[in-house]
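Colleague: Coordinates in entry-v4.cif, mmCIF, C-alpha atoms, are listed below.
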data_structure
#
loop_
_atom_site.label_atom_id
_atom_site.label_comp_id
_atom_site.auth_asym_id
_atom_site.auth_seq_id
_atom_site.Cartn_x
_atom_site.Cartn_y
_atom_site.Cartn_z
CA MET T 877 -12.02 -61.25 -5.27
CA ASP T 878 -14.09 -58.09 -5.77
CA ILE T 879 -11.88 -55.12 -6.55
CA PHE T 880 -14.30 -52.90 -4.59
CA LYS T 881 -13.74 -54.91 -1.38
CA LYS T 882 -11.07 -52.45 -0.25
CA CYS T 883 -13.53 -49.58 -0.69
CA ARG T 884 -16.16 -51.15 1.54
CA GLU T 885 -13.53 -51.97 4.18
CA TYR T 886 -12.05 -48.46 4.25
CA THR T 887 -13.31 -46.94 7.51
CA ASP T 888 -10.61 -44.46 8.59
CA ALA T 889 -12.43 -41.31 7.45
CA LYS T 890 -15.83 -42.57 8.63
CA GLU T 891 -14.48 -43.17 12.12
CA VAL T 892 -13.25 -39.57 12.31
CA MET T 893 -16.62 -38.36 10.96
CA GLU T 894 -18.44 -40.24 13.71
CA LYS T 895 -16.32 -38.45 16.32
CA GLY T 896 -17.32 -35.08 14.86
CA ILE T 897 -13.76 -34.04 14.07
CA TYR T 898 -13.59 -34.68 10.30
CA PRO T 899 -11.76 -31.69 8.77
CA TYR T 900 -11.72 -32.29 5.00
CA PHE T 901 -13.80 -31.29 1.95
CA LEU T 902 -15.44 -28.38 3.77
CA PRO T 903 -17.57 -26.33 1.32
CA LEU T 904 -16.85 -22.63 1.77
CA ALA T 905 -19.60 -20.14 0.99
CA GLU T 906 -17.16 -17.27 0.55
CA ASN T 907 -13.41 -16.94 0.17
CA GLU T 908 -12.08 -13.42 0.41
CA GLY T 909 -8.43 -14.28 0.90
CA THR T 910 -7.68 -13.78 4.58
CA GLU T 911 -11.24 -14.66 5.63
CA VAL T 912 -13.66 -17.40 4.61
CA VAL T 913 -17.25 -18.25 5.46
CA TYR T 914 -18.41 -21.75 6.42
CA ASN T 915 -22.01 -22.44 7.45
CA GLY T 916 -22.55 -18.72 7.90
CA LYS T 917 -19.55 -18.34 10.21
CA ARG T 918 -16.68 -16.03 9.23
CA MET T 919 -13.18 -17.14 10.18
CA ILE T 920 -9.54 -16.23 9.54
CA MET T 921 -7.93 -18.38 6.85
CA CYS T 922 -4.53 -19.68 7.96
CA GLY T 923 -4.42 -22.67 5.66
CA SER T 924 -4.24 -21.14 2.19
CA ASN T 925 -1.26 -20.99 -0.19
CA ASN T 926 -2.34 -17.55 -1.38
CA TYR T 927 0.92 -16.20 0.03
CA LEU T 928 0.84 -12.74 -1.54
CA GLY T 929 -2.94 -12.33 -1.34
CA LEU T 930 -3.22 -11.81 -5.09
CA THR T 931 -6.42 -13.80 -5.70
CA THR T 932 -8.39 -10.69 -4.77
CA HIS T 933 -6.03 -8.08 -6.23
CA PRO T 934 -8.03 -5.78 -8.54
CA LYS T 935 -5.49 -5.96 -11.37
CA VAL T 936 -5.40 -9.77 -11.30
CA LYS T 937 -9.19 -10.07 -11.27
CA GLU T 938 -9.57 -7.50 -14.02
CA ALA T 939 -7.06 -9.32 -16.24
CA ALA T 940 -8.92 -12.60 -15.85
CA ILE T 941 -12.30 -11.00 -16.59
CA LYS T 942 -11.03 -9.29 -19.73
CA ALA T 943 -9.51 -12.56 -20.93
CA VAL T 944 -12.84 -14.37 -20.55
CA GLU T 945 -14.57 -11.61 -22.49
CA ARG T 946 -12.07 -11.92 -25.32
CA PHE T 947 -11.28 -15.66 -25.43
CA GLY T 948 -14.20 -17.37 -23.67
CA THR T 949 -13.96 -19.86 -20.84
CA SER T 950 -11.78 -22.66 -22.29
CA CYS T 951 -9.26 -23.49 -24.99
CA THR T 952 -10.89 -26.96 -25.41
CA GLY T 953 -7.68 -28.57 -26.63
CA SER T 954 -4.14 -29.51 -25.69
CA ARG T 955 -1.12 -27.31 -26.14
CA PHE T 956 0.17 -29.89 -28.61
CA LEU T 957 -2.72 -29.49 -31.03
CA ASN T 958 -5.21 -26.60 -30.99
CA GLY T 959 -4.90 -25.31 -27.41
CA THR T 960 -1.93 -22.95 -27.61
CA LEU T 961 -2.64 -19.22 -27.51
CA GLU T 962 -0.21 -16.38 -28.03
CA LEU T 963 -1.09 -15.57 -24.42
CA HIS T 964 0.37 -18.91 -23.27
CA GLU T 965 3.65 -18.17 -25.02
CA GLN T 966 3.71 -14.70 -23.51
CA VAL T 967 3.36 -16.23 -20.04
CA GLU T 968 6.17 -18.67 -20.80
CA LYS T 969 8.46 -15.84 -21.86
CA GLU T 970 7.66 -13.81 -18.73
CA ILE T 971 8.12 -16.80 -16.43
CA ALA T 972 11.50 -17.70 -17.97
CA ASP T 973 12.68 -14.15 -17.41
CA PHE T 974 11.23 -14.10 -13.89
CA VAL T 975 13.21 -17.18 -12.79
CA GLY T 976 16.31 -16.53 -14.89
CA LYS T 977 16.08 -19.42 -17.35
CA GLU T 978 16.19 -19.64 -21.16
CA GLU T 979 12.70 -21.03 -21.62
CA ALA T 980 9.62 -22.15 -19.72
CA LEU T 981 6.75 -24.49 -20.51
CA ILE T 982 3.22 -24.27 -19.08
CA PHE T 983 1.29 -27.34 -17.92
CA SER T 984 -2.35 -27.44 -16.82
CA THR T 985 -1.57 -28.03 -13.13
CA GLY T 986 1.45 -28.22 -10.88
CA MET T 987 0.84 -31.93 -10.37
CA GLN T 988 0.89 -32.50 -14.12
CA THR T 989 4.09 -30.49 -14.42
CA ASN T 990 5.95 -32.89 -12.14
CA LEU T 991 4.30 -35.99 -13.59
CA GLY T 992 5.14 -34.98 -17.14
CA THR T 993 8.61 -33.55 -16.61
CA ILE T 994 10.09 -36.28 -14.43
CA SER T 995 8.56 -39.20 -16.33
CA ALA T 996 9.73 -37.72 -19.64
CA LEU T 997 13.33 -37.40 -18.42
CA ILE T 998 13.74 -40.68 -16.56
CA SER T 999 14.24 -43.67 -18.86
CA ARG T 1000 15.22 -47.27 -18.05
CA ASP T 1001 18.91 -46.53 -17.64
CA ASP T 1002 18.39 -43.51 -15.38
CA VAL T 1003 18.07 -42.96 -11.64
CA VAL T 1004 15.91 -40.30 -9.96
CA ILE T 1005 16.94 -39.36 -6.43
CA LEU T 1006 14.37 -37.85 -4.06
CA ASP T 1007 14.37 -36.24 -0.63
CA LYS T 1008 12.09 -38.30 1.61
CA GLU T 1009 9.95 -35.22 2.30
CA ASP T 1010 9.40 -34.39 -1.39
CA HIS T 1011 5.86 -33.65 -2.48
CA ALA T 1012 3.69 -36.58 -3.62
CA SER T 1013 3.62 -35.23 -7.19
CA ILE T 1014 7.41 -35.66 -7.38
CA VAL T 1015 7.16 -39.22 -6.10
CA ASP T 1016 4.41 -40.06 -8.59
CA GLY T 1017 6.36 -38.49 -11.45
CA ALA T 1018 9.33 -40.66 -10.53
CA ARG T 1019 7.13 -43.76 -10.43
CA LEU T 1020 5.81 -43.00 -13.91
CA GLY T 1021 9.35 -42.99 -15.29
CA TYR T 1022 10.94 -46.31 -16.18
CA GLY T 1023 14.12 -45.73 -14.17
CA LYS T 1024 15.17 -46.57 -10.65
CA ILE T 1025 14.10 -44.48 -7.66
CA GLU T 1026 16.47 -43.74 -4.77
CA ARG T 1027 15.64 -41.67 -1.68
CA PHE T 1028 17.66 -39.96 1.02
CA PRO T 1029 16.63 -38.68 4.48
CA HIS T 1030 15.47 -35.08 4.54
CA ASN T 1031 18.32 -32.68 3.72
CA ASP T 1032 20.88 -35.36 4.63
CA ILE T 1033 23.68 -34.52 2.19
CA GLU T 1034 26.04 -37.19 3.55
CA HIS T 1035 23.45 -39.85 2.84
CA LEU T 1036 22.83 -38.33 -0.58
CA GLU T 1037 26.51 -38.79 -1.38
CA ARG T 1038 26.33 -42.45 -0.43
CA VAL T 1039 23.38 -42.85 -2.79
CA LEU T 1040 25.20 -41.05 -5.62
CA LYS T 1041 28.34 -43.13 -5.06
CA SER T 1042 26.34 -46.34 -5.42
CA ILE T 1043 24.99 -45.44 -8.87
CA PRO T 1044 27.02 -46.79 -11.83
CA GLU T 1045 28.74 -44.09 -13.86
CA ASP T 1046 26.91 -45.01 -17.05
CA ARG T 1047 23.48 -44.20 -15.60
CA GLY T 1048 21.82 -40.78 -15.81
CA ARG T 1049 21.06 -39.09 -12.49
CA LEU T 1050 18.39 -36.52 -11.61
CA ILE T 1051 18.00 -35.15 -8.08
CA VAL T 1052 14.56 -33.65 -7.42
CA VAL T 1053 13.81 -31.68 -4.26
CA ASP T 1054 11.26 -29.20 -3.01
CA GLY T 1055 12.71 -25.71 -2.69
CA VAL T 1056 10.45 -24.88 0.25
CA PHE T 1057 9.10 -28.05 1.80
CA SER T 1058 5.34 -27.83 1.92
CA MET T 1059 4.81 -29.33 5.38
CA GLY T 1060 7.88 -28.19 7.33
CA GLY T 1061 8.34 -24.75 5.81
CA ASP T 1062 12.12 -25.25 5.64
CA LEU T 1063 14.41 -24.92 2.62
CA ALA T 1064 16.32 -27.44 0.54
CA ASP T 1065 20.02 -27.32 1.37
CA LEU T 1066 20.99 -26.20 -2.13
CA PRO T 1067 24.38 -24.74 -1.12
CA HIS T 1068 25.55 -28.25 -0.20
CA LEU T 1069 23.33 -30.31 -2.48
CA ILE T 1070 24.37 -28.71 -5.76
CA PRO T 1071 28.15 -29.15 -5.32
CA MET T 1072 27.47 -32.78 -4.40
CA ALA T 1073 25.35 -33.21 -7.54
CA ARG T 1074 28.09 -31.75 -9.71
CA LYS T 1075 30.69 -34.02 -8.12
CA TYR T 1076 28.73 -37.04 -9.36
CA ASP T 1077 27.45 -35.60 -12.67
CA ALA T 1078 23.85 -35.41 -11.47
CA ARG T 1079 21.30 -32.85 -12.66
CA VAL T 1080 19.13 -30.93 -10.21
CA MET T 1081 15.43 -30.04 -10.43
CA VAL T 1082 13.81 -27.84 -7.78
CA ASP T 1083 10.06 -27.85 -7.18
CA ASP T 1084 9.47 -24.29 -6.02
CA ALA T 1085 5.68 -24.41 -5.71
CA HIS T 1086 5.94 -22.90 -2.22
CA GLY T 1087 9.06 -20.82 -2.86
CA MET T 1088 7.82 -18.55 -5.65
CA GLY T 1089 6.55 -15.30 -4.23
CA VAL T 1090 7.97 -16.17 -0.82
CA VAL T 1091 11.77 -16.48 -0.82
CA GLY T 1092 14.51 -15.01 -2.96
CA GLY T 1093 12.67 -11.72 -3.21
CA GLY T 1094 9.76 -13.67 -4.64
CA ARG T 1095 11.87 -15.40 -7.30
CA GLY T 1096 12.28 -18.67 -5.42
CA THR T 1097 14.79 -20.82 -3.57
CA ALA T 1098 17.52 -20.81 -6.20
CA ARG T 1099 17.49 -16.99 -6.12
CA GLU T 1100 17.49 -17.06 -2.32
CA PHE T 1101 20.87 -18.80 -2.42
CA GLY T 1102 22.15 -17.01 -5.53
CA MET T 1103 22.16 -20.31 -7.43
CA ASP T 1104 19.86 -19.61 -10.39
CA ASN T 1105 22.47 -20.82 -12.87
CA ASP T 1106 23.34 -23.90 -10.81
CA VAL T 1107 19.82 -25.38 -10.69
CA ASP T 1108 19.10 -27.14 -14.00
CA LEU T 1109 15.30 -27.09 -13.84
CA ILE T 1110 12.94 -24.91 -11.84
CA MET T 1111 9.35 -26.00 -11.46
CA SER T 1112 6.47 -24.17 -9.82
CA THR T 1113 2.72 -23.87 -9.81
CA PHE T 1114 0.40 -20.97 -10.61
CA SER T 1115 -2.09 -21.95 -7.90
CA LYS T 1116 -0.26 -20.33 -5.01
CA SER T 1117 1.55 -16.96 -5.19
CA PHE T 1118 0.53 -16.49 -8.84
CA ALA T 1119 -3.16 -16.64 -7.87
CA SER T 1120 -4.26 -18.81 -10.79
CA LEU T 1121 -4.16 -22.43 -11.96
CA GLY T 1122 -1.47 -24.32 -13.87
CA GLY T 1123 2.25 -24.96 -13.54
CA PHE T 1124 5.54 -24.54 -15.33
CA ILE T 1125 8.98 -26.03 -15.83
CA ALA T 1126 11.87 -23.74 -16.77
CA GLY T 1127 15.41 -24.47 -17.91
CA ASN T 1128 17.72 -24.79 -20.89
CA SER T 1129 15.99 -24.45 -24.27
CA ASP T 1130 16.96 -27.92 -25.50
CA ILE T 1131 15.64 -29.57 -22.33
CA ILE T 1132 12.36 -27.68 -22.46
CA HIS T 1133 11.99 -28.54 -26.16
CA TYR T 1134 12.40 -32.24 -25.33
CA ILE T 1135 9.88 -32.14 -22.48
CA LYS T 1136 7.45 -30.23 -24.68
CA HIS T 1137 7.38 -33.11 -27.17
CA THR T 1138 7.49 -36.07 -24.78
CA ALA T 1139 5.57 -35.18 -21.59
CA ARG T 1140 2.28 -37.08 -21.77
CA SER T 1141 0.55 -34.97 -19.11
CA LEU T 1142 1.12 -31.94 -21.36
CA ILE T 1143 0.29 -33.53 -24.70
CA PHE T 1144 -2.90 -35.21 -23.49
CA SER T 1145 -4.36 -32.43 -21.31
CA ALA T 1146 -6.30 -29.33 -22.27
CA SER T 1147 -4.34 -26.10 -21.85
CA ILE T 1148 -5.15 -23.61 -19.13
CA PRO T 1149 -7.90 -21.12 -20.06
CA ALA T 1150 -6.92 -17.64 -21.18
CA SER T 1151 -8.29 -16.23 -17.93
CA ASN T 1152 -5.76 -18.24 -15.92
CA ALA T 1153 -2.90 -17.21 -18.19
CA ALA T 1154 -3.89 -13.55 -18.00
CA ALA T 1155 -4.10 -13.76 -14.21
CA VAL T 1156 -0.53 -15.09 -14.08
CA LEU T 1157 0.76 -12.22 -16.21
CA ALA T 1158 -0.98 -9.72 -13.96
CA ALA T 1159 0.34 -11.43 -10.83
CA ILE T 1160 3.92 -11.32 -12.11
CA GLN T 1161 3.56 -7.61 -12.76
CA VAL T 1162 2.15 -6.99 -9.28
CA ILE T 1163 5.06 -8.91 -7.72
CA ARG T 1164 7.48 -6.72 -9.69
CA ASP T 1165 5.61 -3.50 -8.80
CA GLU T 1166 4.81 -4.29 -5.16
CA PRO T 1167 7.84 -6.03 -3.62
CA GLU T 1168 6.56 -5.00 -0.22
CA ARG T 1169 4.15 -7.94 -0.40
CA VAL T 1170 7.03 -10.41 -0.28
CA THR T 1171 8.55 -8.49 2.61
CA ARG T 1172 5.24 -8.41 4.46
CA VAL T 1173 4.49 -12.13 4.23
CA ASN T 1174 7.94 -12.96 5.58
CA ILE T 1175 7.57 -10.50 8.46
CA ILE T 1176 4.29 -12.20 9.37
CA GLY T 1177 5.94 -15.61 9.14
CA GLU T 1178 8.72 -14.49 11.50
CA THR T 1179 6.18 -13.08 13.96
CA ILE T 1180 4.16 -16.31 14.00
CA ARG T 1181 7.26 -18.49 14.44
CA THR T 1182 8.63 -16.34 17.26
CA GLU T 1183 5.35 -16.16 19.16
CA LEU T 1184 4.36 -19.83 18.80
CA ARG T 1185 7.81 -20.94 19.93
CA ALA T 1186 7.58 -18.62 22.94
CA MET T 1187 4.23 -20.20 23.86
CA GLY T 1188 5.83 -23.64 23.82
CA PHE T 1189 4.60 -25.05 20.51
CA ASN T 1190 6.87 -27.28 18.46
CA ILE T 1191 7.16 -25.66 15.01
CA GLY T 1192 10.06 -27.71 13.68
CA ASN T 1193 12.60 -25.98 11.44
CA SER T 1194 10.36 -23.57 9.56
CA VAL T 1195 11.98 -20.44 8.12
CA THR T 1196 9.06 -19.36 5.92
CA PRO T 1197 5.39 -18.32 6.23
CA ILE T 1198 4.56 -22.06 6.29
CA VAL T 1199 4.59 -22.78 10.01
CA PRO T 1200 3.79 -26.33 11.17
CA VAL T 1201 2.51 -26.94 14.67
CA ILE T 1202 3.64 -30.48 15.43
CA ILE T 1203 1.15 -32.39 17.58
CA GLY T 1204 2.37 -35.98 17.19
CA ASP T 1205 -0.92 -37.88 17.35
CA ASP T 1206 -3.72 -38.34 14.80
CA GLU T 1207 -6.74 -37.81 17.05
CA LEU T 1208 -5.20 -34.96 19.04
CA THR T 1209 -4.33 -33.27 15.74
CA PHE T 1210 -7.97 -33.49 14.65
CA ARG T 1211 -9.21 -32.26 18.03
CA SER T 1212 -6.79 -29.35 17.93
CA TRP T 1213 -8.01 -28.47 14.45
CA LYS T 1214 -11.63 -28.59 15.62
CA ALA T 1215 -10.93 -26.35 18.61
CA LEU T 1216 -9.19 -23.77 16.44
CA PHE T 1217 -12.00 -24.00 13.88
CA GLU T 1218 -14.66 -23.40 16.49
CA ASN T 1219 -12.71 -20.34 17.66
CA GLY T 1220 -12.62 -18.86 14.17
CA VAL T 1221 -9.21 -19.98 12.86
CA PHE T 1222 -8.97 -22.22 9.78
CA VAL T 1223 -5.85 -24.41 9.57
CA ASN T 1224 -5.01 -27.74 7.88
CA PRO T 1225 -4.56 -30.95 9.90
CA VAL T 1226 -2.02 -33.38 8.43
CA VAL T 1227 -1.80 -36.92 9.80
CA SER T 1228 -0.09 -40.18 8.93
CA PRO T 1229 0.66 -41.48 6.35
CA ALA T 1230 0.97 -37.98 4.83
CA VAL T 1231 3.58 -37.38 7.53
CA SER T 1232 5.53 -39.98 9.49
CA ALA T 1233 4.21 -41.26 12.80
CA GLY T 1234 4.94 -38.80 15.60
CA GLN T 1235 5.02 -35.85 13.19
CA GLN T 1236 1.28 -35.29 12.81
CA LEU T 1237 0.77 -31.56 12.58
CA LEU T 1238 -1.38 -28.52 11.97
CA ARG T 1239 -0.11 -26.89 8.80
CA THR T 1240 -0.53 -23.14 9.05
CA SER T 1241 0.37 -20.68 6.30
CA TYR T 1242 0.07 -16.94 6.06
CA MET T 1243 -0.61 -14.17 3.55
CA ALA T 1244 0.85 -10.74 2.95
CA THR T 1245 -2.70 -9.40 3.31
CA HIS T 1246 -3.29 -10.68 6.85
CA THR T 1247 -3.76 -7.66 9.12
CA ASP T 1248 -1.96 -7.22 12.43
CA GLU T 1249 -5.33 -7.57 14.16
CA GLN T 1250 -5.96 -10.91 12.46
CA ILE T 1251 -2.52 -12.20 13.41
CA ASP T 1252 -3.04 -11.12 17.02
CA LYS T 1253 -6.34 -13.02 17.12
CA VAL T 1254 -4.77 -16.14 15.59
CA LEU T 1255 -2.01 -16.14 18.21
CA SER T 1256 -4.51 -15.61 21.01
CA VAL T 1257 -6.62 -18.54 19.83
CA PHE T 1258 -3.58 -20.78 19.51
CA GLN T 1259 -2.56 -20.00 23.06
CA LYS T 1260 -6.06 -20.70 24.35
CA VAL T 1261 -6.41 -24.01 22.47
CA GLY T 1262 -2.87 -25.09 23.32
CA LYS T 1263 -3.55 -24.72 27.03
CA GLU T 1264 -7.03 -26.29 26.88
CA LEU T 1265 -5.70 -29.41 25.16
CA ALA T 1266 -2.43 -29.49 27.16
CA ILE T 1267 -0.31 -29.12 24.02
CA ILE T 1268 1.72 -26.34 25.65
#
Let me see the file written as structure tokens.
Modeller:
Amino acid sequence: MDIFKKCREYTDAKEVMEKGIYPYFLPLAENEGTEVVYNGKRMIMCGSNNYLGLTTHPKVKEAAIKAVERFGTSCTGSRFLNGTLELHEQVEKEIADFVGKEEALIFSTGMQTNLGTISALISRDDVVILDKEDHASIVDGARLGYGKIERFPHNDIEHLERVLKSIPEDRGRLIVVDGVFSMGGDLADLPHLIPMARKYDARVMVDDAHGMGVVGGGRGTAREFGMDNDVDLIMSTFSKSFASLGGFIAGNSDIIHYIKHTARSLIFSASIPASNAAAVLAAIQVIRDEPERVTRVNIIGETIRTELRAMGFNIGNSVTPIVPVIIGDDELTFRSWKALFENGVFVNPVVSPAVSAGQQLLRTSYMATHTDEQIDKVLSVFQKVGKELAII
């Protein structure tokens, strides 16, 4: 049997391409934050994770440029060997302070942060417990560990207790959840989850890739609920609100020290370039100095949720600037995306198996730098497309 047989028989994407509604891998000519250019056409970006609009902030760009001038374009080595700069350790110190933890550790991407952290902590006698809507990087990190994986329905704390009850007392337990769920835009139920974890001696890790810069005054989901000290590990990425590339895990010093010396995705990956580290430092300072950005992005999120609901769209349980528009069918989702695209609005179509059948959606997300005029146009286009395609 030829291992490439599956490749030749894979036709899903080609079928969508033939229909003229293929929405992925689109090469943008320009990306100015709230607007992008594709094939010479300018459109409003409502699919980015640039929540605070800091990728184009003058102070962030200047910091990255100066770092390139001083350090060059790459560290060309892993953190473990020759790839650690004083700048990396400065970022780690600032991040730990920002999220209220003793120490932080930088990885080269958010994906690698979850892969390395979870697989390092979960050994053969341990159990990792996941929300069924956790990000794929969490699932893959759990698979890389040698322990058992258990899952519970989204935010179903009663089911979580049944899972925890079933685990023998002599096995380690780690619950890993998204803080802000990347498709639904809703929050992990930490006020109920954490007491349940403590009842059964389980540790809690929160992936706050979409929570940093958005909730908790920009400090994330644990801060939103006043539970910084109750969450054992806080993870996030630099590729969203921090306007850079990389990721981090933050927690107790002993735990971070262990991960630092056992996480393969850290030890065997080149460190982030100085320019990325400098951009993160600048972004943190902007978030501290300009809290109105966090306020603004949440006001926009509330406006979008209110208006789309009033039009008749199903937006699920979103409470953040991530606002899903649930369509419920693969092809109709692609056709809705195409209609929005042709009318100058860029969103992200998400179909099965990335979401369960019947939950296919348009993932929309918003930035603090979107203007009122841009938001008005986006809402107008949604209403037009929704009526044309009989979605509303």
Colleague: For each of T:Ala1085, T:Ala1244, T:Val1231, T:Leu997, take the minimum atom-to-atom distance to Ile1131 (chain T), counting only C-alpha atoms, then give the residue where this is smallest.
Modeller: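 Using only C-alpha atoms, the shortest distance to Ile1131 (chain T) belongs to T:Leu997.
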Colleague: Could you state which residues are captured by the PyMOL selection byres ((chain T and resi 1250) around 10) in this file, as a list in words?
Modeller: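 Given this file, the PyMOL selection byres ((chain T and resi 1250) around 10) evaluates to Thr910, Glu911, Met919, Ile920, Met921, Cys922, Val1221, Thr1245, His1246, Thr1247, Asp1248, Glu1249, Ile1251, Asp1252, Lys1253, Val1254, Leu1255 and Ser1256 of chain T.
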Colleague: Which distance in Å separates CA of Phe947 (chain T) and CA of Val1162 (chain T), to one decimal?
Modeller: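 So the two atoms, CA of Phe947 (chain T) and CA of Val1162 (chain T), lie 22.7 Å apart.
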Colleague: Just to confirm, what's the straight-line distance from CA of Tyr886 (chain T) to CA of Ile1025 (chain T) in Å (one decimal)?
Modeller: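 These two atoms are separated by 29.0 Å.
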Colleague: Please evaluate the PyMOL selection byres ((chain T and resi 1086-1090) around 7) against the structure above and give the resulting residues as a count of residues only.
Modeller: 15
Colleague: Would you kindly translate the PyMOL selection byres ((chain T and resi 1145-1160) around 9) into the concrete residues it picks from this file, as number ranges by chain?
Modeller: T: 930-931, 933, 935-944, 946-956, 959-961, 963-964, 966-967, 970-971, 974, 982-985, 988, 1114, 1117-1122, 1140-1144, 1161-1165
Colleague: Starting from the structure just given, write a file holding region 1177-1232 of chain T with C-alpha atoms, as a compact mmCIF listing (two decimals), in the first residue's frame.
Modeller:
# COMPACT_ATOMS: atom_id res chain seq x y z
CA GLY T 1177 -17.57 43.43 20.43
CA GLU T 1178 -20.73 44.36 22.34
CA THR T 1179 -21.98 46.48 19.43
CA ILE T 1180 -21.44 43.67 16.92
CA ARG T 1181 -23.12 41.07 19.16
CA THR T 1182 -26.13 43.30 19.82
CA GLU T 1183 -26.65 44.27 16.19
CA LEU T 1184 -26.14 40.80 14.67
CA ARG T 1185 -28.55 39.28 17.20
CA ALA T 1186 -31.11 41.96 16.37
CA MET T 1187 -30.79 41.10 12.67
CA GLY T 1188 -31.55 37.45 13.45
CA PHE T 1189 -28.10 35.87 13.23
CA ASN T 1190 -27.18 33.04 15.58
CA ILE T 1191 -24.01 34.15 17.40
CA GLY T 1192 -23.99 31.49 20.11
CA ASN T 1193 -22.78 32.47 23.58
CA SER T 1194 -20.06 34.97 22.70
CA VAL T 1195 -19.16 37.58 25.33
CA THR T 1196 -15.97 38.84 23.67
CA PRO T 1197 -14.82 40.51 20.43
CA ILE T 1198 -14.77 37.00 18.89
CA VAL T 1199 -18.26 36.76 17.43
CA PRO T 1200 -19.23 33.57 15.58
CA VAL T 1201 -22.02 33.63 13.04
CA ILE T 1202 -23.34 30.08 13.07
CA ILE T 1203 -24.50 28.90 9.65
CA GLY T 1204 -24.79 25.13 10.18
CA ASP T 1205 -23.81 23.85 6.73
CA ASP T 1206 -20.43 23.54 5.01
CA GLU T 1207 -21.34 24.85 1.56
CA LEU T 1208 -23.61 27.63 2.82
CA THR T 1209 -20.79 28.72 5.14
CA PHE T 1210 -18.42 28.97 2.16
CA ARG T 1211 -21.01 30.81 0.07
CA SER T 1212 -21.67 33.24 2.91
CA TRP T 1213 -17.94 33.86 3.22
CA LYS T 1214 -17.67 34.50 -0.53
CA ALA T 1215 -20.58 36.95 -0.51
CA LEU T 1216 -19.09 38.91 2.38
CA PHE T 1217 -15.68 38.83 0.69
CA GLU T 1218 -17.06 40.19 -2.56
CA ASN T 1219 -18.70 43.00 -0.57
CA GLY T 1220 -15.42 44.00 1.06
CA VAL T 1221 -15.55 42.16 4.40
CA PHE T 1222 -12.92 39.55 5.27
CA VAL T 1223 -14.02 36.86 7.75
CA ASN T 1224 -12.95 33.25 8.45
CA PRO T 1225 -15.17 30.29 7.49
CA VAL T 1226 -14.89 27.31 9.84
CA VAL T 1227 -16.44 23.98 8.83
CA SER T 1228 -16.46 20.40 10.05
CA PRO T 1229 -14.42 18.67 11.39
CA ALA T 1230 -12.95 21.85 12.92
CA VAL T 1231 -16.39 22.34 14.46
CA SER T 1232 -19.07 19.72 15.01
